[in-house]
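Take a look at the structure below.
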Amino acid sequence: MNWRAASRCAVSDGVPRHALIVALVVGTVLNLINQGDAILASGPINWIKLALTFAVPYGVSTYGAVTYPLKSLSGDARGESR
């Protein structure tokens, strides 16, 4: 993997903004499912789980947005071999 190209893709073309939107929507839904009773009833909240529930969709969205351009740069998207 070309880490330099991956890093450039991860911070360009609106990828961070899109990943943040995905993380906010998906993370909110997952937090309500996993800790909804604690959040709505003022119970104890596991802050590590809460943070990870937003971080994972952010990472997955960023990974998805980065891998396609890298594959198209290397020719994999057109079925060419390296």
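Note on naming: chains are A, B, ... as they come in the structure tokens, residues start from 1 per chain, ligands start from 1 in the order shown.
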Enumerate the residues of chain A with a DSSP assignment of alpha helix (DSSP H), computed from the backbone, and present them as a VMD selection string. chain A and resid 3 to 10 15 to 40 47 to 74
Would you pick out the contacts of Ala55 in chain A at 12 Å or less, using only C-alpha atoms, so that residues sharing its chain but fewer than 4 positions from it are not included, and give the list as a list in words? Ala19, Leu20, Ile21, Val22, Ala23, Leu24, Val25, Val26, Gly27, Thr28, Leu30, Asn31, Ile48, Lys49, Leu50, Ala51, Gly59, Val60, Ser61 and Thr62 of chain A
Go ahead and compute the interatomic distance for CA of Ser42 in chain A and CA of Val29 in chain A, in Å to one decimal. 17.6 Å
